[in-house]
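Peer 1: Take this structure first; my questions come after.
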Amino acid sequence: ETGVTQSPTHLIKTRGQQVTLRCSSQSGHNTVSWYQQALGQGPQFIFQYYREEENGRGNFPPRFSGLQFPNYSSELNVNALELDDSALYLCASSLATGVNSPLHFGNGTRLTVT
Amino acid sequence: AQTVTQSQPEMSVQEAETVTLSCTYDTSESDYYLFWYKQPPSRQMILVIRQEAYKQQNATENRFSVNFQKAAKSFSLKISDSQLGDAAMYFCAYRSALAGGTSYGKLTFGQGTILTVHP
């Protein structure tokens, strides 16, 4: 069974640029959620996708957007990068959107904005 | 909005001894789930234990157990017989049991507690 994989592992971007982070769900999982974890803080919920539709969103501006593909893999896109976007971005997948479904996390992408 | 507070930024324990990590939360909901996650230096968030709010019995998973006090909105994690591999950042998290809404599926995390295990 393949776990959740994220790419790239590390990324450095310049303020104002755009970035795309990728996530492959655990086999059979149809729900993906994304979290932003600033250094020394707990993760913050960005949004969740189920069957290619966003069905939950946290307090993040519209420049944070996402996609989920038919194979349930997902992308997180961030436009007009700001210095405060520097963080670890975690992807998590689960079998269904039911709250009883445990989340399986990837190892994250470390984004640095200079 | 729900909040989760971990008041211990750092804790330490001797190998083979017991340590308790604290967590409090605030919610107006009656049905929800509480979790403890472990994040080692590898960065992957690993589920340690889960508690359903409607269950009065405290959850246990091998050396890990919780003390769930619903009225006090307290959810502490006890690690018995601590091992070097338990060293990590531990996060307490809340998830609503309500379906729908803009924050559907959202996990709300605390700030984390760094656990050091001394040999």
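Quick note on naming: the chains in the structure tokens go A, B, ... in the order shown, residues restart at 1 in each chain, and ligands are numbered from 1 in order of appearance.
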Can you write out as a Markdown table which residues of chain B fall within 10 Å of chain A, alongside each residue's closest atom pair and its distance in Å to one decimal, counting only C-alpha atoms and ordering rows by chain and ascending residue number?
Peer 2:
| residue | atom | partner | partner_atom | distance |
| --- | --- | --- | --- | --- |
| B:Val4 | CA | A:Gly42 | CA | 9.9 |
| B:Pro9 | CA | A:Gly40 | CA | 9.6 |
| B:Tyr32 | CA | A:Val99 | CA | 8.6 |
| B:Tyr33 | CA | A:Val99 | CA | 7.9 |
| B:Phe35 | CA | A:Pro102 | CA | 9.8 |
| B:Gln39 | CA | A:Asn107 | CA | 9.7 |
| B:Pro41 | CA | A:Asn107 | CA | 9.8 |
| B:Ser42 | CA | A:Asn107 | CA | 6.7 |
| B:Arg43 | CA | A:Asn107 | CA | 5.3 |
| B:Gln44 | CA | A:Asn107 | CA | 4.3 |
| B:Met45 | CA | A:Phe105 | CA | 5.6 |
| B:Ile46 | CA | A:Phe105 | CA | 7.2 |
| B:Leu47 | CA | A:Leu103 | CA | 8.0 |
| B:Arg50 | CA | A:Pro102 | CA | 9.0 |
| B:Glu52 | CA | A:Asn100 | CA | 8.9 |
| B:Met89 | CA | A:Gly40 | CA | 9.4 |
| B:Tyr90 | CA | A:Gly42 | CA | 9.5 |
| B:Phe91 | CA | A:Gly42 | CA | 7.1 |
| B:Cys92 | CA | A:Gly42 | CA | 9.0 |
| B:Ala93 | CA | A:Gly42 | CA | 9.2 |
| B:Arg95 | CA | A:Val99 | CA | 7.2 |
| B:Ser96 | CA | A:Val99 | CA | 7.3 |
| B:Ala97 | CA | A:Val99 | CA | 5.9 |
| B:Leu98 | CA | A:Val99 | CA | 8.1 |
| B:Ala99 | CA | A:Gly98 | CA | 7.8 |
| B:Gly100 | CA | A:Asn55 | CA | 7.9 |
| B:Gly101 | CA | A:Gly56 | CA | 7.0 |
| B:Thr102 | CA | A:Gly56 | CA | 4.7 |
| B:Ser103 | CA | A:Gly56 | CA | 4.7 |
| B:Tyr104 | CA | A:Gly56 | CA | 4.7 |
| B:Gly105 | CA | A:Val99 | CA | 6.3 |
| B:Lys106 | CA | A:Phe45 | CA | 6.0 |
| B:Leu107 | CA | A:Phe45 | CA | 6.6 |
| B:Thr108 | CA | A:Gln44 | CA | 7.0 |
| B:Phe109 | CA | A:Gly42 | CA | 5.5 |
| B:Gly110 | CA | A:Gly42 | CA | 5.6 |
| B:Gln111 | CA | A:Gly42 | CA | 4.6 |
| B:Gly112 | CA | A:Gly42 | CA | 6.1 |
| B:Thr113 | CA | A:Gly40 | CA | 9.7 |
| B:Ile114 | CA | A:Gly40 | CA | 9.6 |
Peer 1: Keeping only N, CA and C atoms, take the residues you just selected and write them out as a tab-separated table (two decimals), in the first residue's frame.
Peer 2:
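Result saved to result_4.tsv:
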chain	number	residue	atom	x	y	z
B	4	VAL	N	-8.05	25.09	20.18
B	4	VAL	CA	-7.35	24.05	20.91
B	4	VAL	C	-6.09	24.67	21.51
B	9	PRO	N	4.79	24.13	26.12
B	9	PRO	CA	5.58	24.15	24.88
B	9	PRO	C	6.58	23.00	24.82
B	32	TYR	N	-18.16	15.57	18.58
B	32	TYR	CA	-16.90	15.89	17.90
B	32	TYR	C	-15.90	14.77	18.17
B	33	TYR	N	-14.74	14.89	17.54
B	33	TYR	CA	-13.66	13.94	17.73
B	33	TYR	C	-12.42	14.69	18.19
B	35	PHE	N	-8.11	14.19	18.79
B	35	PHE	CA	-6.98	13.38	18.33
B	35	PHE	C	-5.69	13.86	18.99
B	39	GLN	N	4.51	14.28	15.52
B	39	GLN	CA	5.27	14.73	14.34
B	39	GLN	C	6.75	14.65	14.64
B	41	PRO	N	10.93	14.43	13.49
B	41	PRO	CA	11.69	15.27	12.56
B	41	PRO	C	11.45	14.95	11.09
B	42	SER	N	10.96	13.75	10.78
B	42	SER	CA	10.64	13.41	9.40
B	42	SER	C	9.48	14.24	8.86
B	43	ARG	N	8.79	14.96	9.74
B	43	ARG	CA	7.70	15.90	9.43
B	43	ARG	C	6.34	15.23	9.21
B	44	GLN	N	6.31	13.91	9.04
B	44	GLN	CA	5.03	13.27	8.79
B	44	GLN	C	4.19	13.25	10.06
B	45	MET	N	2.94	13.66	9.94
B	45	MET	CA	2.01	13.67	11.07
B	45	MET	C	1.43	12.26	11.23
B	46	ILE	N	1.64	11.67	12.42
B	46	ILE	CA	1.21	10.30	12.65
B	46	ILE	C	0.14	10.28	13.73
B	47	LEU	N	-0.98	9.63	13.44
B	47	LEU	CA	-2.07	9.54	14.42
B	47	LEU	C	-1.66	8.62	15.56
B	50	ARG	N	-7.30	8.40	19.14
B	50	ARG	CA	-8.51	9.15	18.79
B	50	ARG	C	-9.59	8.89	19.85
B	52	GLU	N	-13.82	9.65	20.57
B	52	GLU	CA	-15.12	10.18	20.16
B	52	GLU	C	-15.77	10.83	21.38
B	89	MET	N	7.27	16.16	18.31
B	89	MET	CA	6.29	17.19	18.61
B	89	MET	C	4.93	16.51	18.64
B	90	TYR	N	4.15	16.78	19.68
B	90	TYR	CA	2.82	16.20	19.80
B	90	TYR	C	1.77	17.29	19.67
B	91	PHE	N	0.77	17.00	18.84
B	91	PHE	CA	-0.32	17.94	18.61
B	91	PHE	C	-1.64	17.34	19.03
B	92	CYS	N	-2.42	18.14	19.72
B	92	CYS	CA	-3.81	17.81	20.03
B	92	CYS	C	-4.66	18.44	18.92
B	93	ALA	N	-5.70	17.75	18.49
B	93	ALA	CA	-6.52	18.27	17.39
B	93	ALA	C	-7.99	17.95	17.61
B	95	ARG	N	-11.95	17.82	15.69
B	95	ARG	CA	-12.69	17.74	14.42
B	95	ARG	C	-14.18	17.64	14.74
B	96	SER	N	-14.96	18.53	14.14
B	96	SER	CA	-16.39	18.51	14.35
B	96	SER	C	-17.00	17.25	13.75
B	97	ALA	N	-18.07	16.76	14.35
B	97	ALA	CA	-18.80	15.62	13.81
B	97	ALA	C	-19.95	16.05	12.93
B	98	LEU	N	-20.13	17.37	12.78
B	98	LEU	CA	-21.23	17.87	11.96
B	98	LEU	C	-20.86	17.80	10.49
B	99	ALA	N	-21.79	17.36	9.67
B	99	ALA	CA	-21.56	17.29	8.23
B	99	ALA	C	-21.87	18.64	7.60
B	100	GLY	N	-21.16	18.95	6.50
B	100	GLY	CA	-21.42	20.18	5.77
B	100	GLY	C	-20.75	21.39	6.39
B	101	GLY	N	-21.04	22.58	5.86
B	101	GLY	CA	-20.43	23.80	6.35
B	101	GLY	C	-19.12	24.08	5.62
B	102	THR	N	-18.69	25.32	5.67
B	102	THR	CA	-17.50	25.72	4.91
B	102	THR	C	-16.22	25.12	5.46
B	103	SER	N	-16.23	24.72	6.72
B	103	SER	CA	-15.02	24.14	7.32
B	103	SER	C	-15.14	22.64	7.48
B	104	TYR	N	-15.96	22.03	6.62
B	104	TYR	CA	-16.18	20.59	6.70
B	104	TYR	C	-14.88	19.83	6.56
B	105	GLY	N	-14.67	18.87	7.42
B	105	GLY	CA	-13.48	18.04	7.38
B	105	GLY	C	-12.28	18.63	8.09
B	106	LYS	N	-12.41	19.85	8.56
B	106	LYS	CA	-11.28	20.60	9.13
B	106	LYS	C	-10.82	19.99	10.45
B	107	LEU	N	-9.51	19.84	10.57
B	107	LEU	CA	-8.89	19.53	11.85
B	107	LEU	C	-8.33	20.83	12.41
B	108	THR	N	-8.66	21.14	13.66
B	108	THR	CA	-8.09	22.30	14.34
B	108	THR	C	-7.03	21.81	15.31
B	109	PHE	N	-5.80	22.27	15.10
B	109	PHE	CA	-4.67	21.81	15.89
B	109	PHE	C	-4.30	22.82	16.99
B	110	GLY	N	-3.71	22.29	18.07
B	110	GLY	CA	-3.07	23.15	19.06
B	110	GLY	C	-1.68	23.54	18.59
B	111	GLN	N	-0.96	24.25	19.46
B	111	GLN	CA	0.35	24.78	19.09
B	111	GLN	C	1.45	23.73	19.18
B	112	GLY	N	1.18	22.64	19.83
B	112	GLY	CA	2.14	21.56	19.93
B	112	GLY	C	2.96	21.57	21.21
B	113	THR	N	3.42	20.38	21.61
B	113	THR	CA	4.32	20.19	22.74
B	113	THR	C	5.50	19.35	22.28
B	114	ILE	N	6.70	19.89	22.48
B	114	ILE	CA	7.90	19.13	22.12
B	114	ILE	C	8.24	18.18	23.27
Peer 1: Skip Tyr72 of chain A itself and residues of its chain fewer than 4 positions away, then list as a list in words all residues within 8 Å of it, counting only C-alpha atoms.
Peer 2: Ser24, Ser25, His29, Asn30, Thr31, Val32, Arg51, Glu52 and Gln68 of chain A
Peer 1: Could you tell me how far atom CA of Leu76 of chain A sits from atom CA of Leu21 of chain A, in Å to one decimal place?
Peer 2: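 Between atom CA of Leu21 of chain A and atom CA of Leu76 of chain A the gap is 5.1 Å.
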Peer 1: Counting only C-alpha atoms, figure out which residue out of B:Ser30, B:Glu61, B:Ala87, B:Tyr25 gets nearest to Val48 of chain B.
Peer 2: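 Closest residue, counting only C-alpha atoms: B:Glu61.
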Peer 1: Using only C-alpha atoms for the distances, tell me which of A:Thr5, A:Gln18, A:Asn71, A:Gln26 is nearest to Leu95 of chain A.
Peer 2: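 When distances to Leu95 of chain A are compared using only C-alpha atoms, the smallest one comes from A:Gln26.
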Peer 1: Kindly indicate which residue among B:Thr3, B:Thr18, B:Thr24, B:Gln51 lies nearest to Arg63 of chain B, using only C-alpha atoms for the distances.
Peer 2: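 Closest to Arg63 of chain B, using only C-alpha atoms: B:Thr18.
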Peer 1: Using only C-alpha atoms for the distances, tell me which of B:Thr27, B:Lys78, B:Lys70, B:Val117 is nearest to Ile49 of chain B.
Peer 2: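 Once distances to Ile49 of chain B are computed over only C-alpha atoms, the minimum belongs to B:Lys78.
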Peer 1: Kindly indicate which residue among B:Ser76, B:Tyr37, B:Gln69, B:Glu10 lies nearest to Gln56 of chain B, using only C-alpha atoms for the distances.
Peer 2: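 Smallest separation from Gln56 of chain B among the options: B:Gln69.
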Peer 1: Would you mind reading off the distance between atom CA of Asp81 of chain B and atom CA of Asn62 of chain B, one decimal, in Å?
Peer 2: 10.3 Å
Peer 1: Expressed in Å to a single decimal, how great is the separation between atom CA of Val13 of chain B and atom CA of Ser80 of chain B?
Peer 2: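 Distance reported for this atom pair: 10.3 Å.
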Peer 1: Write down as a ChimeraX atom specification the residues belonging to segment 14-105 of chain A that are assigned strand (DSSP E) by DSSP computed on the backbone.
Peer 2: /A:19-24,31-37,44-50,53-57,64-68,74-78,87-94,104-105
Peer 1: Restricting the calculation to only C-alpha atoms, which member of A:Asp84, A:Ser93, A:Leu67, A:Glu75 is positioned closest to Pro8 of chain A?
Peer 2: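 Residue with the minimum atom-to-atom distance to Pro8 of chain A: A:Glu75.
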